[in-house]
file coords_5.pdb (PDB, C-alpha atoms)
ATOM      1  CA  MET A  49     -24.442 -19.571  -1.335
ATOM      2  CA  SER A  50     -22.792 -21.087   1.633
ATOM      3  CA  PRO A  51     -22.110 -19.393   4.945
ATOM      4  CA  LEU A  52     -18.440 -19.711   4.086
ATOM      5  CA  GLU A  53     -18.939 -17.459   1.104
ATOM      6  CA  LEU A  54     -20.850 -14.959   3.195
ATOM      7  CA  GLY A  55     -18.140 -14.968   5.845
ATOM      8  CA  TYR A  56     -15.500 -14.420   3.169
ATOM      9  CA  PHE A  57     -17.469 -11.476   1.839
ATOM     10  CA  TYR A  58     -17.922  -9.875   5.234
ATOM     11  CA  GLY A  59     -14.269 -10.334   6.123
ATOM     12  CA  CYS A  60     -13.127  -8.700   2.914
ATOM     13  CA  ALA A  61     -15.731  -5.960   3.254
ATOM     14  CA  GLY A  62     -14.592  -5.140   6.785
ATOM     15  CA  LEU A  63     -10.984  -4.963   5.667
ATOM     16  CA  ALA A  64     -11.930  -2.765   2.702
ATOM     17  CA  VAL A  65     -13.915  -0.332   4.835
ATOM     18  CA  SER A  66     -11.191  -0.107   7.469
ATOM     19  CA  GLY A  67      -8.611   0.503   4.752
ATOM     20  CA  ALA A  68     -10.709   3.272   3.217
ATOM     21  CA  LEU A  69     -11.266   4.829   6.651
ATOM     22  CA  SER A  70      -7.564   4.806   7.406
ATOM     23  CA  VAL A  71      -6.877   6.490   4.041
ATOM     24  CA  VAL A  72      -9.156   9.324   5.055
ATOM     25  CA  ILE A  73      -8.342   9.565   8.763
ATOM     26  CA  ALA A  74      -4.595   8.971   9.003
ATOM     27  CA  LYS A  75      -2.459  12.016   9.686
ATOM     28  CA  ASN A  76       0.647  10.590   8.103
ATOM     29  CA  PRO A  77       0.399  10.033   4.317
ATOM     30  CA  ILE A  78       2.443   6.836   4.644
ATOM     31  CA  ARG A  79      -0.359   5.388   6.759
ATOM     32  CA  SER A  80      -2.852   6.577   4.168
ATOM     33  CA  ALA A  81      -0.917   4.742   1.483
ATOM     34  CA  MET A  82      -0.884   1.592   3.600
ATOM     35  CA  GLY A  83      -4.640   1.891   4.083
ATOM     36  CA  LEU A  84      -5.007   2.229   0.323
ATOM     37  CA  LEU A  85      -2.960  -0.947  -0.071
ATOM     38  CA  LEU A  86      -5.265  -2.802   2.328
ATOM     39  CA  LEU A  87      -8.308  -1.557   0.416
ATOM     40  CA  ILE A  88      -6.825  -2.656  -2.897
ATOM     41  CA  LEU A  89      -5.935  -6.117  -1.634
ATOM     42  CA  SER A  90      -9.399  -6.707  -0.221
ATOM     43  CA  VAL A  91     -11.091  -5.433  -3.388
ATOM     44  CA  ALA A  92      -8.932  -7.869  -5.354
ATOM     45  CA  ALA A  93     -10.142 -10.637  -3.040
ATOM     46  CA  LEU A  94     -13.734  -9.560  -3.698
ATOM     47  CA  PHE A  95     -13.023  -9.676  -7.446
ATOM     48  CA  LEU A  96     -12.015 -13.294  -6.967
ATOM     49  CA  GLU A  97     -15.366 -14.009  -5.346
ATOM     50  CA  LEU A  98     -17.077 -12.372  -8.324
ATOM     51  CA  HIS A  99     -15.293 -14.710 -10.764
ATOM     52  CA  ALA A 100     -13.116 -11.943 -12.148
ATOM     53  CA  GLN A 101      -9.765 -13.658 -11.803
ATOM     54  CA  PHE A 102      -7.963 -11.727 -14.497
ATOM     55  CA  LEU A 103      -9.189  -8.421 -13.122
ATOM     56  CA  ALA A 104      -8.015  -9.413  -9.647
ATOM     57  CA  ALA A 105      -4.543 -10.040 -11.049
ATOM     58  CA  VAL A 106      -4.593  -6.721 -12.904
ATOM     59  CA  GLN A 107      -5.713  -5.003  -9.732
ATOM     60  CA  LEU A 108      -2.807  -6.471  -7.801
ATOM     61  CA  ILE A 109      -0.239  -5.705 -10.475
ATOM     62  CA  VAL A 110      -1.341  -2.217 -11.437
ATOM     63  CA  TYR A 111      -2.583  -0.900  -8.114
ATOM     64  CA  ALA A 112      -0.515  -2.615  -5.482
ATOM     65  CA  GLY A 113       2.504  -2.921  -7.714
ATOM     66  CA  ALA A 114       2.542   0.446  -9.427
ATOM     67  CA  ILE A 115       0.203   3.039  -8.030
ATOM     68  CA  VAL A 116       0.839   2.524  -4.328
ATOM     69  CA  ILE A 117       4.578   2.343  -4.967
ATOM     70  CA  LEU A 118       4.367   5.598  -6.916
ATOM     71  CA  PHE A 119       2.578   7.227  -3.997
ATOM     72  CA  LEU A 120       5.222   5.924  -1.605
ATOM     73  CA  PHE A 121       8.010   7.229  -3.838
ATOM     74  CA  VAL A 122       6.516  10.700  -3.884
ATOM     75  CA  ILE A 123       5.869  10.697  -0.134
ATOM     76  CA  MET A 124       9.450   9.675   0.565
ATOM     77  CA  LEU A 125      10.757  12.194  -1.954
ATOM     78  CA  LEU A 126       8.922  14.988  -0.209
ATOM     79  CA  GLY A 127      10.106  13.793   3.173
ATOM     80  CA  PRO A 128       8.609  15.277   6.303
ATOM     81  CA  SER A 129       6.847  18.021   4.359
ATOM     82  CA  ALA A 130       4.539  15.412   2.833
ATOM     83  CA  SER A 131       2.433  15.548   5.966
ATOM     84  CA  THR A 132       0.891  18.952   6.351
ATOM     85  CA  PRO A 133       0.541  20.409   9.814
ATOM     86  CA  SER A 134      -3.026  20.485  10.952
ATOM     87  CA  ASP A 135      -4.590  23.903  10.907
ATOM     88  CA  ARG A 136      -7.941  24.936  12.216
ATOM     89  CA  ARG A 137      -8.791  27.425   9.479
ATOM     90  CA  GLY A 138     -12.113  26.594   7.938
ATOM     91  CA  ILE A 139     -12.425  23.439   9.971
ATOM     92  CA  THR A 140     -16.116  24.006  10.653
ATOM     93  CA  VAL A 141     -16.955  24.507   6.994
ATOM     94  CA  ARG A 142     -14.981  21.451   5.987
ATOM     95  CA  ALA A 143     -16.419  19.270   8.726
ATOM     96  CA  ALA A 144     -19.940  20.467   7.970
ATOM     97  CA  SER A 145     -19.593  19.826   4.239
ATOM     98  CA  GLY A 146     -18.170  16.383   4.834
ATOM     99  CA  ALA A 147     -20.828  15.498   7.379
ATOM    100  CA  LEU A 148     -23.593  16.774   5.100
ATOM    101  CA  PHE A 149     -22.292  14.718   2.200
ATOM    102  CA  ALA A 150     -21.917  11.611   4.337
ATOM    103  CA  LEU A 151     -25.396  12.030   5.815
ATOM    104  CA  ALA A 152     -26.953  12.469   2.372
ATOM    105  CA  GLY A 153     -25.178   9.385   1.084
ATOM    106  CA  LEU A 154     -25.917   7.208   4.085
ATOM    107  CA  GLY A 155     -29.528   8.396   4.184
ATOM    108  CA  THR A 156     -30.034   7.461   0.565
ATOM    109  CA  LEU A 157     -28.392   4.138   1.222
ATOM    110  CA  GLY A 158     -30.649   3.473   4.192
ATOM    111  CA  ALA A 159     -33.764   4.351   2.221
ATOM    112  CA  VAL A 160     -32.726   2.024  -0.586
ATOM    113  CA  ALA A 161     -31.988  -0.735   1.927
ATOM    114  CA  ARG A 162     -35.406  -0.361   3.527
ATOM    115  CA  ALA A 163     -37.158  -0.436   0.184
ATOM    116  CA  ALA A 164     -35.155  -3.491  -0.835
ATOM    117  CA  ALA A 165     -35.977  -5.255   2.413
ATOM    118  CA  ALA A 166     -39.666  -4.436   1.978
ATOM    119  CA  SER A 167     -39.856  -5.773  -1.568
ATOM    120  CA  HIS A 168     -38.314  -9.153  -0.610
ATOM    121  CA  ARG A 169     -36.697  -9.428  -3.979
ATOM    122  CA  THR A 170     -33.036 -10.125  -4.290
ATOM    123  CA  MET A 171     -30.875 -10.048  -7.357
ATOM    124  CA  PRO A 172     -29.230 -13.429  -7.304
ATOM    125  CA  MET A 173     -25.852 -14.061  -8.761
ATOM    126  CA  PRO A 174     -25.929 -17.189 -10.888
ATOM    127  CA  VAL A 175     -22.830 -19.270 -11.037
ATOM    128  CA  PRO A 176     -21.274 -18.457 -14.418
ATOM    129  CA  GLU A 177     -19.847 -20.882 -16.860
ATOM    130  CA  PRO A 178     -16.311 -22.066 -16.256
ATOM    131  CA  GLY A 179     -13.855 -19.767 -17.921
ATOM    132  CA  PHE A 180     -15.846 -16.655 -17.184
ATOM    133  CA  GLY A 181     -13.489 -13.887 -16.204
ATOM    134  CA  GLY A 182     -10.457 -15.916 -17.109
ATOM    135  CA  ILE A 183      -7.735 -14.480 -19.231
ATOM    136  CA  ASP A 184      -8.788 -16.126 -22.517
ATOM    137  CA  ALA A 185     -12.441 -15.108 -22.343
ATOM    138  CA  PHE A 186     -11.544 -11.631 -21.168
ATOM    139  CA  GLY A 187      -8.815 -11.242 -23.762
ATOM    140  CA  SER A 188     -11.007 -12.366 -26.627
ATOM    141  CA  VAL A 189     -13.547  -9.694 -25.682
ATOM    142  CA  LEU A 190     -10.833  -7.105 -25.234
ATOM    143  CA  PHE A 191      -9.277  -7.734 -28.633
ATOM    144  CA  SER A 192     -12.485  -8.079 -30.606
ATOM    145  CA  ASP A 193     -15.292  -5.839 -29.380
ATOM    146  CA  ALA A 194     -13.276  -3.467 -27.256
ATOM    147  CA  ILE A 195     -10.298  -3.064 -29.559
ATOM    148  CA  VAL A 196     -10.842   0.645 -30.261
ATOM    149  CA  PRO A 197     -10.946   1.762 -26.606
ATOM    150  CA  PHE A 198      -8.043  -0.559 -25.921
ATOM    151  CA  GLU A 199      -5.872   1.187 -28.486
ATOM    152  CA  LEU A 200      -7.083   4.559 -27.270
ATOM    153  CA  SER A 201      -6.111   3.685 -23.731
ATOM    154  CA  SER A 202      -2.604   2.817 -24.902
ATOM    155  CA  ALA A 203      -2.424   6.272 -26.496
ATOM    156  CA  LEU A 204      -3.699   7.762 -23.236
ATOM    157  CA  LEU A 205      -0.984   6.045 -21.243
ATOM    158  CA  MET A 206       1.669   7.233 -23.689
ATOM    159  CA  VAL A 207       0.483  10.833 -23.461
ATOM    160  CA  ALA A 208       0.280  10.577 -19.674
ATOM    161  CA  VAL A 209       3.869   9.378 -19.420
ATOM    162  CA  VAL A 210       5.134  12.225 -21.617
ATOM    163  CA  GLY A 211       3.007  14.753 -19.754
ATOM    164  CA  ALA A 212       4.112  13.515 -16.339
ATOM    165  CA  VAL A 213       7.765  13.787 -17.315
ATOM    166  CA  ALA A 214       7.252  17.258 -18.781
ATOM    167  CA  VAL A 215       5.347  18.527 -15.750
ATOM    168  CA  ALA A 216       7.564  17.021 -13.083
ATOM    169  CA  ARG A 217      10.840  17.973 -14.748
ATOM    170  CA  GLY A 218      10.049  21.629 -15.287
ATOM    171  CA  ARG A 219      12.108  24.029 -17.361
ATOM    172  CA  GLN A 220      15.808  23.628 -16.905
ATOM    173  CA  GLY A 221      17.432  27.065 -16.710
ATOM    174  CA  SER A 222      16.537  30.266 -18.472
ATOM    175  CA  GLY A 223      17.994  29.228 -21.816
ATOM    176  CA  SER A 224      14.883  27.274 -22.735
ATOM    177  CA  MET A 225      12.508  30.165 -22.172
ATOM    178  CA  SER A 226      11.149  32.294 -24.950
ATOM    179  CA  ARG A 227      12.030  35.989 -25.047
ATOM    180  CA  SER A 228       8.784  37.183 -23.528
ATOM    181  CA  GLU A 229       9.106  34.654 -20.740
ATOM    182  CA  GLN A 230      12.634  35.896 -20.023
ATOM    183  CA  GLU A 231      11.373  39.475 -19.883
ATOM    184  CA  ILE A 232       8.741  38.447 -17.391
ATOM    185  CA  ALA A 233      11.233  36.490 -15.374
ATOM    186  CA  HIS A 234      13.861  39.236 -15.234
ATOM    187  CA  ARG A 235      11.471  42.062 -14.615
ATOM    188  CA  ALA A 236      11.102  42.756 -10.928
ATOM    189  CA  PRO A 237       7.413  42.058 -10.578
ATOM    190  CA  PRO A 238       5.109  44.457  -8.824
ATOM    191  CA  SER A 239       3.953  42.385  -5.929
ATOM    192  CA  PRO A 240       0.345  42.799  -4.963
ATOM    193  CA  VAL A 241       0.311  39.598  -2.942
ATOM    194  CA  GLY A 242       3.372  40.037  -0.793
ATOM    195  CA  SER A 243       5.787  37.186  -1.253
ATOM    196  CA  ALA A 244       6.514  37.661  -4.934
ATOM    197  CA  GLU A 245       9.838  35.910  -4.892
ATOM    198  CA  GLN A 246       8.151  32.784  -3.650
ATOM    199  CA  SER A 247       5.345  32.820  -6.136
ATOM    200  CA  GLY A 248       7.000  33.538  -9.486
ATOM    201  CA  ILE A 249       7.070  30.504 -11.685
ATOM    202  CA  PHE A 250      10.673  31.027 -12.768
ATOM    203  CA  SER A 251      11.888  32.541  -9.523
ATOM    204  CA  HIS A 252      14.087  29.655  -8.559
ATOM    205  CA  GLU A 253      15.349  28.980 -12.043
ATOM    206  CA  VAL A 254      16.564  32.317 -13.352
ATOM    207  CA  ASP A 255      19.338  32.930 -10.861
ATOM    208  CA  GLY A 256      20.188  29.251 -10.782
ATOM    209  CA  ALA A 257      19.824  28.993  -7.032
ATOM    210  CA  HIS A 258      17.970  26.082  -5.646
ATOM    211  CA  PRO A 259      15.106  27.177  -3.420
ATOM    212  CA  GLN A 260      16.388  25.389  -0.393
ATOM    213  CA  GLU A 261      19.844  26.961  -0.711
ATOM    214  CA  ARG A 262      18.393  30.408  -1.055
ATOM    215  CA  SER A 263      16.154  30.093   1.909
ATOM    216  CA  ALA A 264      18.957  28.694   4.039
TER
ATOM    217  CA  MET B 100     -28.669 -15.560   0.627
ATOM    218  CA  MET B 101     -26.000 -13.624  -1.035
ATOM    219  CA  GLY B 102     -26.908 -11.271  -3.831
ATOM    220  CA  VAL B 103     -25.432  -8.426  -5.747
ATOM    221  CA  GLU B 104     -26.878  -6.030  -3.162
ATOM    222  CA  HIS B 105     -24.080  -6.824  -0.735
ATOM    223  CA  PHE B 106     -21.477  -5.727  -3.217
ATOM    224  CA  VAL B 107     -23.377  -2.631  -4.281
ATOM    225  CA  PHE B 108     -23.833  -1.556  -0.670
ATOM    226  CA  LEU B 109     -20.171  -2.057   0.070
ATOM    227  CA  SER B 110     -19.329  -0.079  -3.048
ATOM    228  CA  ALA B 111     -21.630   2.776  -1.987
ATOM    229  CA  ILE B 112     -20.093   2.899   1.481
ATOM    230  CA  LEU B 113     -16.576   2.979   0.044
ATOM    231  CA  PHE B 114     -17.603   5.724  -2.355
ATOM    232  CA  ILE B 115     -19.038   7.825   0.470
ATOM    233  CA  ILE B 116     -15.862   7.416   2.526
ATOM    234  CA  GLY B 117     -13.725   8.424  -0.437
ATOM    235  CA  SER B 118     -15.806  11.455  -1.299
ATOM    236  CA  VAL B 119     -15.867  12.694   2.289
ATOM    237  CA  GLY B 120     -12.077  12.349   2.394
ATOM    238  CA  PHE B 121     -11.843  14.270  -0.858
ATOM    239  CA  LEU B 122     -13.918  17.086   0.594
ATOM    240  CA  VAL B 123     -12.384  17.250   4.052
ATOM    241  CA  ARG B 124      -8.679  16.595   3.712
ATOM    242  CA  ARG B 125      -6.260  19.306   2.618
ATOM    243  CA  ASN B 126      -3.193  17.260   1.829
ATOM    244  CA  VAL B 127      -3.025  16.864  -1.935
ATOM    245  CA  LEU B 128      -1.599  13.351  -1.637
ATOM    246  CA  VAL B 129      -4.478  12.214   0.560
ATOM    247  CA  THR B 130      -6.902  13.864  -1.849
ATOM    248  CA  LEU B 131      -5.462  11.805  -4.701
ATOM    249  CA  MET B 132      -5.754   8.656  -2.605
ATOM    250  CA  SER B 133      -9.402   9.457  -1.884
ATOM    251  CA  ILE B 134      -9.999   9.582  -5.632
ATOM    252  CA  GLU B 135      -8.453   6.116  -5.814
ATOM    253  CA  VAL B 136     -10.870   4.880  -3.143
ATOM    254  CA  MET B 137     -13.830   6.221  -5.124
ATOM    255  CA  LEU B 138     -12.665   4.632  -8.372
ATOM    256  CA  ASN B 139     -12.141   1.314  -6.610
ATOM    257  CA  ALA B 140     -15.714   1.478  -5.341
ATOM    258  CA  ALA B 141     -16.956   2.103  -8.889
ATOM    259  CA  ASN B 142     -14.925  -0.844 -10.157
ATOM    260  CA  LEU B 143     -16.413  -3.122  -7.538
ATOM    261  CA  ALA B 144     -19.964  -2.159  -8.523
ATOM    262  CA  LEU B 145     -19.215  -2.670 -12.214
ATOM    263  CA  VAL B 146     -17.783  -6.127 -11.712
ATOM    264  CA  ALA B 147     -20.616  -7.158  -9.387
ATOM    265  CA  PHE B 148     -23.277  -6.098 -11.877
ATOM    266  CA  ASN B 149     -21.413  -7.858 -14.657
ATOM    267  CA  ARG B 150     -21.573 -11.082 -12.680
ATOM    268  CA  SER B 151     -25.210 -10.637 -11.722
ATOM    269  CA  ARG B 152     -26.630  -9.650 -15.112
ATOM    270  CA  LEU B 153     -24.884 -12.381 -17.018
ATOM    271  CA  ALA B 154     -27.451 -14.401 -18.949
ATOM    272  CA  PRO B 155     -26.975 -18.149 -18.933
ATOM    273  CA  GLY B 156     -25.048 -19.200 -21.984
ATOM    274  CA  ALA B 157     -24.077 -15.630 -22.808
ATOM    275  CA  MET B 158     -20.483 -16.571 -23.376
ATOM    276  CA  GLN B 159     -21.510 -18.678 -26.371
ATOM    277  CA  THR B 160     -24.356 -16.610 -27.786
ATOM    278  CA  TYR B 161     -23.090 -13.079 -27.130
ATOM    279  CA  PRO B 162     -19.408 -13.466 -26.432
ATOM    280  CA  GLY B 163     -18.672  -9.789 -26.940
ATOM    281  CA  GLN B 164     -21.160  -8.702 -24.317
ATOM    282  CA  SER B 165     -20.428 -11.196 -21.615
ATOM    283  CA  HIS B 166     -17.626  -9.208 -19.986
ATOM    284  CA  THR B 167     -18.781  -5.625 -20.469
ATOM    285  CA  GLY B 168     -18.491  -4.577 -16.834
ATOM    286  CA  GLN B 169     -15.112  -6.189 -16.386
ATOM    287  CA  VAL B 170     -13.751  -4.573 -19.542
ATOM    288  CA  PHE B 171     -15.069  -1.239 -18.321
ATOM    289  CA  ALA B 172     -13.325  -1.724 -14.986
ATOM    290  CA  PHE B 173     -10.143  -2.616 -16.839
ATOM    291  CA  PHE B 174     -10.234   0.665 -18.734
ATOM    292  CA  ILE B 175     -10.924   2.537 -15.515
ATOM    293  CA  ILE B 176      -7.785   0.997 -14.052
ATOM    294  CA  ALA B 177      -5.790   2.111 -17.109
ATOM    295  CA  ALA B 178      -7.150   5.660 -16.942
ATOM    296  CA  GLU B 179      -6.441   5.742 -13.246
ATOM    297  CA  ALA B 180      -2.796   4.835 -13.700
ATOM    298  CA  ALA B 181      -2.481   7.754 -16.108
ATOM    299  CA  GLU B 182      -4.291  10.042 -13.679
ATOM    300  CA  VAL B 183      -2.015   9.136 -10.798
ATOM    301  CA  ALA B 184       1.133   9.671 -12.863
ATOM    302  CA  VAL B 185       0.065  13.129 -14.003
ATOM    303  CA  GLY B 186      -1.396  14.046 -10.602
ATOM    304  CA  LEU B 187       1.773  13.163  -8.729
ATOM    305  CA  ALA B 188       3.821  15.094 -11.299
ATOM    306  CA  ILE B 189       1.645  18.127 -10.606
ATOM    307  CA  VAL B 190       2.143  17.606  -6.873
ATOM    308  CA  LEU B 191       5.901  17.580  -7.381
ATOM    309  CA  ALA B 192       5.784  20.717  -9.538
ATOM    310  CA  MET B 193       3.684  22.454  -6.922
ATOM    311  CA  TYR B 194       6.083  21.392  -4.205
ATOM    312  CA  ARG B 195       8.966  22.848  -6.190
ATOM    313  CA  LEU B 196       7.175  26.184  -6.370
ATOM    314  CA  ARG B 197       5.753  26.437  -2.902
ATOM    315  CA  GLN B 198       7.499  23.890  -0.681
ATOM    316  CA  THR B 199       4.157  22.569   0.500
ATOM    317  CA  VAL B 200       1.523  20.039  -0.477
ATOM    318  CA  ARG B 201      -1.450  21.799   1.059
ATOM    319  CA  SER B 202      -4.167  22.329  -1.495
ATOM    320  CA  ASP B 203      -4.909  25.763  -0.026
ATOM    321  CA  ASP B 204      -1.512  27.001  -1.115
ATOM    322  CA  ALA B 205      -2.110  26.239  -4.777
ATOM    323  CA  ASP B 206      -3.290  29.763  -5.455
ATOM    324  CA  LEU B 207      -0.992  30.984  -8.224
ATOM    325  CA  LEU B 208      -3.946  32.132 -10.297
ATOM    326  CA  ARG B 209      -5.438  34.145  -7.464
ATOM    327  CA  ASN B 210      -6.081  37.888  -8.066
TER
END
call {"tool": "encode", "arguments": {"input": "coords_5.pdb", "output": "structure tokens"}}
result
Amino acid sequence: MSPLELGYFYGCAGLAVSGALSVVIAKNPIRSAMGLLLLILSVAALFLELHAQFLAAVQLIVYAGAIVILFLFVIMLLGPSASTPSDRRGITVRAASGALFALAGLGTLGAVARAAAASHRTMPMPVPEPGFGGIDAFGSVLFSDAIVPFELSSALLMVAVVGAVAVARGRQGSGSMSRSEQEIAHRAPPSPVGSAEQSGIFSHEVDGAHPQERSA
Amino acid sequence: MMGVEHFVFLSAILFIIGSVGFLVRRNVLVTLMSIEVMLNAANLALVAFNRSRLAPGAMQTYPGQSHTGQVFAFFIIAAEAAEVAVGLAIVLAMYRLRQTVRSDDADLLRN
């Protein structure tokens, strides 16, 4: 356990914490996504220190290569409306709940740290055998003992892709609706909440007008 | 002396930051990213404990149990990719209905 290793850890930890803070604090979602990218890169670097080389590569490919890009796509698709204007409604309740949660967490953490410092016992990390965390050791575990959850996760990803396409695409036109849905859509709804034409699920699809055109 | 405590403390701090962001922010996109921060913190703790609890020679004697934490983190990453895909699809569907991404405006089931 050299000082070099400790310095590496603290550098990565500082980058990870600043990335997480900028995810939470930034006003612009693009900046949040960049903070998430910083967090992911530094966690991948910490995985390398923990002898999890394959997992570090997976982290880079799946997170930095897919998830952050997906976030950026959606943010750019939404354009300027991706960043919500700040409003002060309920700010005290939100700030109080967040502060309470943070205080509870940090207090627990401090108590644990004090107890750990008092007991003078550390949990050392032995240097593992060569090949630990490499792709062949990891893969042999994945395809022998963890084969059932592996196959289940492939099914999960398949279902998620189909579900994401179905949810994001929506119904195209009124021809695909069932009869009862068409009745609901064509009936002028009694509006107890005011803006009924904004809130109906099929409101922008029945008359074929795109919402932006209609509002313009 | 460097132990697993460093990693677990870092993971706890990241988790607290992510959960506070989840509670405080109103932008749905930022809320999703806060969930990512929390899951990353969980992954870090899993991998650190996997490294620390590894018995010497476990890769020969118990090869199936030598990478439990890492395999768990791997499945978390897979589930998270699915979660992000579906979550962003829901965000897009909500934007199509309401032209906003504020979580307060997702009140179609109100009343």
call {"tool": "resolve_selection", "arguments": {"input": "coords_5.pdb", "expression": "the ChimeraX specification (/B :<6) & /A", "output": "count of residues only"}}
result
13
call {"tool": "residues_around", "arguments": {"input": "coords_5.pdb", "residues": "A:Ala105", "least_positions_apart": "5", "cutoff": "9 Å", "atoms": "all atoms listed in the file", "output": "short mmCIF file (atom, residue, chain, number, x, y, z; two decimals) with C-alpha atoms, in the coordinates of the input"}}
result
data_model
loop_
_atom_site.label_atom_id
_atom_site.label_comp_id
_atom_site.auth_asym_id
_atom_site.auth_seq_id
_atom_site.Cartn_x
_atom_site.Cartn_y
_atom_site.Cartn_z
CA ALA A 92 -8.93 -7.87 -5.35
CA ALA A 100 -13.12 -11.94 -12.15
CA VAL A 110 -1.34 -2.22 -11.44
#
call {"tool": "atom_distance", "arguments": {"input": "coords_5.pdb", "atom1": "atom CA of A:Ile78", "atom2": "atom CA of A:Ser66"}}
result
15.6 Å
call {"tool": "resolve_selection", "arguments": {"input": "coords_5.pdb", "expression": "the PyMOL selection byres ((chain A and resi 182) around 10)", "output": "list in words"}}
result
His99, Ala100, Gln101, Phe102, Leu103, Pro178, Gly179, Phe180, Gly181, Ile183, Asp184, Ala185, Phe186 and Gly187 of chain A
call {"tool": "closest_residue", "arguments": {"input": "coords_5.pdb", "among": "A:Leu94, A:Pro77, A:Val141, A:Leu154", "to": "A:Phe119", "atoms": "only C-alpha atoms"}}
result
A:Pro77
call {"tool": "closest_residue", "arguments": {"input": "coords_5.pdb", "among": "A:Ser192, A:Thr170, A:Gln107, A:Ser131", "to": "A:Ser80", "atoms": "only C-alpha atoms"}}
result
A:Ser131
call {"tool": "atom_distance", "arguments": {"input": "coords_5.pdb", "atom1": "atom CA of A:Asn76", "atom2": "atom CA of B:Asp203"}}
result
18.1 Å
